[in-house]
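J.: Mind having a look at this structure? Questions to follow.
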Amino acid sequence: MAHTRFELTLRGPIAHSLLDVILTRFDHVSTPGTDGTVLIAEAMDQASVRALLNLLWDAGHEVLAFEEVTA
C-alpha cells in the first residue's frame with residue numbers, strides 16, 4: 001500500500017501558539033521550516049484532515065494549496 005501524506009501551503013506564517021496546538025492535537029503533523037507556512041500531515045484519516053483545516057480557517061489562515069502526495 002502506498003504511503004500517503006498531505007502537504008498544506010498557507011499564506012504567511014502560523015503563530016507559534018497555534019502551531020503548538022496543532023502539533024499537540026495532531027500527532028502526525030510536522031512543518032519542515034521554522035515559519036510554519038507548509039504543514040505536512042501523514043497517516044491521518046479524512047476527519048482529522050478536516051479538523052486541521054477547520055482549525056486553520058477558524059484562526060484566519062488562508063490555505064493556498066492542499067496536495068495529496070503518494071510515495
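Going through the C-alpha cells in order, the chains are called A, B, and so on, while each chain numbers its residues from 1 and the ligands are numbered from 1 in the order shown.
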Compile the contact shell of Gly60 of chain A as a list in words: residues with an atom at most 10 Å away, counting only C-alpha atoms, same-chain residues fewer than 5 positions apart removed.

T.: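 With the cut-off at 10 Å, the set is Ile14, Asn54 and Leu55 of chain A.
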
J.: Those same residues - all heavy atoms - I'd like them written as a PDB file, in the first residue's frame.

T.:
ATOM      1  N   ILE A  14       2.347  30.667  10.534  1.00  0.00           N
ATOM      2  CA  ILE A  14       1.408  30.336  11.597  1.00  0.00           C
ATOM      3  C   ILE A  14       1.997  30.861  12.902  1.00  0.00           C
ATOM      4  O   ILE A  14       3.197  30.714  13.154  1.00  0.00           O
ATOM      5  CB  ILE A  14       1.222  28.816  11.701  1.00  0.00           C
ATOM      6  CG1 ILE A  14       0.630  28.253  10.419  1.00  0.00           C
ATOM      7  CG2 ILE A  14       0.352  28.447  12.881  1.00  0.00           C
ATOM      8  CD1 ILE A  14       0.527  26.752  10.415  1.00  0.00           C
ATOM      9  N   ASN A  54     -10.257  23.058   9.444  1.00  0.00           N
ATOM     10  CA  ASN A  54     -11.174  23.936  10.175  1.00  0.00           C
ATOM     11  C   ASN A  54     -10.438  24.770  11.221  1.00  0.00           C
ATOM     12  O   ASN A  54     -10.731  25.949  11.394  1.00  0.00           O
ATOM     13  CB  ASN A  54     -12.295  23.134  10.835  1.00  0.00           C
ATOM     14  CG  ASN A  54     -13.355  22.716   9.844  1.00  0.00           C
ATOM     15  OD1 ASN A  54     -13.575  23.380   8.841  1.00  0.00           O
ATOM     16  ND2 ASN A  54     -14.005  21.608  10.121  1.00  0.00           N
ATOM     17  N   LEU A  55      -9.490  24.166  11.913  1.00  0.00           N
ATOM     18  CA  LEU A  55      -8.701  24.900  12.902  1.00  0.00           C
ATOM     19  C   LEU A  55      -7.929  26.043  12.241  1.00  0.00           C
ATOM     20  O   LEU A  55      -7.909  27.171  12.743  1.00  0.00           O
ATOM     21  CB  LEU A  55      -7.747  23.940  13.615  1.00  0.00           C
ATOM     22  CG  LEU A  55      -6.876  24.526  14.704  1.00  0.00           C
ATOM     23  CD1 LEU A  55      -7.721  25.054  15.856  1.00  0.00           C
ATOM     24  CD2 LEU A  55      -5.894  23.475  15.213  1.00  0.00           C
TER      25      LEU A  55
END

J.: Just want the 10 Å neighbourhood of Gly12 of chain A, counted on only C-alpha atoms, with same-chain residues fewer than 3 positions away dropped. Output as a list in words.

T.: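 In the requested format, the answer is Thr9, Ala15, Asp35, Gly36, Thr37, Val38, His61, Glu62, Val63 and Leu64 of chain A.
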
J.: For the selection you just gave me, I'd like the residues written to a file as a JSON list (two decimals), in the first residue's frame, keeping C-alpha atoms.

T.:
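Final output, result_17.json:
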[["chain", "number", "residue", "atom", "x", "y", "z"],
["A", 9, "THR", "CA", 0.70, 25.50, 1.94],
["A", 15, "ALA", "CA", 1.61, 31.88, 15.06],
["A", 35, "ASP", "CA", 7.93, 29.77, 9.73],
["A", 36, "GLY", "CA", 5.11, 27.21, 9.50],
["A", 37, "THR", "CA", 3.93, 28.13, 6.01],
["A", 38, "VAL", "CA", 3.90, 24.46, 4.99],
["A", 61, "HIS", "CA", -5.32, 31.35, 7.85],
["A", 62, "GLU", "CA", -5.65, 31.04, 4.11],
["A", 63, "VAL", "CA", -4.78, 27.65, 2.66],
["A", 64, "LEU", "CA", -3.18, 28.27, -0.74]]

J.: Can you list every residue in chain A that DSSP puts in strand (DSSP E), as a PyMOL selection string?

T.: chain A and resi 4-10+29-30+38-42+63-70

J.: Mind pulling up the distance from atom CA of Thr70 of chain A to atom CA of Trp57 of chain A?

T.: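 Value for the atom CA of Trp57 of chain A-atom CA of Thr70 of chain A distance: 25.0 Å.
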
J.: Taking only C-alpha atoms into account, name the residue in A:Phe66, A:Asp58, A:Phe6, A:Leu19 that is nearest to Ile40 of chain A.

T.: A:Phe6

J.: Select, from A:Val69, A:Leu10, A:Leu56, A:Leu18, the residue with the minimum atom-to-atom distance to Ala41 of chain A, counting only C-alpha atoms.

T.: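 Closest candidate: A:Val69.
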
J.: Under the rule that only C-alpha atoms are counted, which of A:Ala65, A:Asp20, A:Val29, A:Leu8 is the nearest residue to Glu42 of chain A?

T.: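 Closest to Glu42 of chain A, using only C-alpha atoms: A:Val29.
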
J.: Would you please work out which residue, of A:Arg25, A:Arg11, A:His16, A:Arg5, is nearest to Met44 of chain A when using only C-alpha atoms?

T.: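 Among the listed residues, A:Arg5 lies closest to Met44 of chain A.
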
J.: DSSP on the backbone: which residues in chain A end up as helix (DSSP H, G or I)? Give the answer as a ChimeraX atom specification.

T.: /A:16-25,46-58

J.: How would the residues just chosen look if you wrote them out with N, CA and C atoms as an mmCIF file, in the first residue's frame?

T.:
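Written out: again_16.cif:
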data_model
loop_
_atom_site.group_PDB
_atom_site.id
_atom_site.type_symbol
_atom_site.label_atom_id
_atom_site.label_comp_id
_atom_site.auth_asym_id
_atom_site.auth_seq_id
_atom_site.Cartn_x
_atom_site.Cartn_y
_atom_site.Cartn_z
ATOM 1 N N HIS A 16 3.188 30.852 16.580
ATOM 2 C CA HIS A 16 3.780 29.738 17.318
ATOM 3 C C HIS A 16 2.781 29.096 18.284
ATOM 4 N N SER A 17 1.901 29.896 18.860
ATOM 5 C CA SER A 17 0.911 29.337 19.787
ATOM 6 C C SER A 17 -0.045 28.394 19.060
ATOM 7 N N LEU A 18 -0.485 28.771 17.858
ATOM 8 C CA LEU A 18 -1.365 27.899 17.078
ATOM 9 C C LEU A 18 -0.606 26.670 16.599
ATOM 10 N N LEU A 19 0.631 26.842 16.194
ATOM 11 C CA LEU A 19 1.435 25.707 15.751
ATOM 12 C C LEU A 19 1.612 24.711 16.892
ATOM 13 N N ASP A 20 1.803 25.199 18.112
ATOM 14 C CA ASP A 20 1.908 24.310 19.270
ATOM 15 C C ASP A 20 0.622 23.511 19.465
ATOM 16 N N VAL A 21 -0.520 24.167 19.298
ATOM 17 C CA VAL A 21 -1.809 23.474 19.427
ATOM 18 C C VAL A 21 -1.929 22.394 18.360
ATOM 19 N N ILE A 22 -1.579 22.719 17.134
ATOM 20 C CA ILE A 22 -1.670 21.756 16.025
ATOM 21 C C ILE A 22 -0.764 20.557 16.282
ATOM 22 N N LEU A 23 0.474 20.820 16.687
ATOM 23 C CA LEU A 23 1.422 19.729 16.899
ATOM 24 C C LEU A 23 1.035 18.864 18.096
ATOM 25 N N THR A 24 0.339 19.452 19.059
ATOM 26 C CA THR A 24 -0.134 18.689 20.214
ATOM 27 C C THR A 24 -1.375 17.878 19.870
ATOM 28 N N ARG A 25 -2.290 18.480 19.128
ATOM 29 C CA ARG A 25 -3.565 17.829 18.819
ATOM 30 C C ARG A 25 -3.438 16.769 17.738
ATOM 31 N N GLN A 46 -9.657 11.155 7.044
ATOM 32 C CA GLN A 46 -10.327 12.312 6.458
ATOM 33 C C GLN A 46 -10.896 13.252 7.525
ATOM 34 N N ALA A 47 -11.421 12.697 8.592
ATOM 35 C CA ALA A 47 -11.985 13.522 9.663
ATOM 36 C C ALA A 47 -10.907 14.374 10.331
ATOM 37 N N SER A 48 -9.725 13.807 10.527
ATOM 38 C CA SER A 48 -8.623 14.557 11.135
ATOM 39 C C SER A 48 -8.127 15.667 10.223
ATOM 40 N N VAL A 49 -8.052 15.373 8.933
ATOM 41 C CA VAL A 49 -7.631 16.400 7.970
ATOM 42 C C VAL A 49 -8.636 17.541 7.961
ATOM 43 N N ARG A 50 -9.906 17.197 7.982
ATOM 44 C CA ARG A 50 -10.944 18.237 8.006
ATOM 45 C C ARG A 50 -10.859 19.071 9.286
ATOM 46 N N ALA A 51 -10.617 18.430 10.421
ATOM 47 C CA ALA A 51 -10.476 19.146 11.683
ATOM 48 C C ALA A 51 -9.273 20.094 11.641
ATOM 49 N N LEU A 52 -8.178 19.660 11.039
ATOM 50 C CA LEU A 52 -6.995 20.510 10.897
ATOM 51 C C LEU A 52 -7.308 21.715 10.022
ATOM 52 N N LEU A 53 -7.979 21.477 8.898
ATOM 53 C CA LEU A 53 -8.350 22.587 8.013
ATOM 54 C C LEU A 53 -9.281 23.566 8.723
ATOM 55 N N ASN A 54 -10.257 23.058 9.444
ATOM 56 C CA ASN A 54 -11.174 23.936 10.175
ATOM 57 C C ASN A 54 -10.438 24.770 11.221
ATOM 58 N N LEU A 55 -9.490 24.166 11.913
ATOM 59 C CA LEU A 55 -8.701 24.900 12.902
ATOM 60 C C LEU A 55 -7.929 26.043 12.241
ATOM 61 N N LEU A 56 -7.326 25.762 11.106
ATOM 62 C CA LEU A 56 -6.579 26.796 10.379
ATOM 63 C C LEU A 56 -7.507 27.904 9.903
ATOM 64 N N TRP A 57 -8.640 27.538 9.324
ATOM 65 C CA TRP A 57 -9.588 28.540 8.822
ATOM 66 C C TRP A 57 -10.170 29.363 9.953
ATOM 67 N N ASP A 58 -10.507 28.712 11.075
ATOM 68 C CA ASP A 58 -11.062 29.430 12.217
ATOM 69 C C ASP A 58 -10.070 30.440 12.782
#

J.: Of the residues A:Pro13, A:Glu7, A:Glu67, A:His28, which is the one nearest to Asp45 of chain A, using only C-alpha atoms?

T.: A:His28
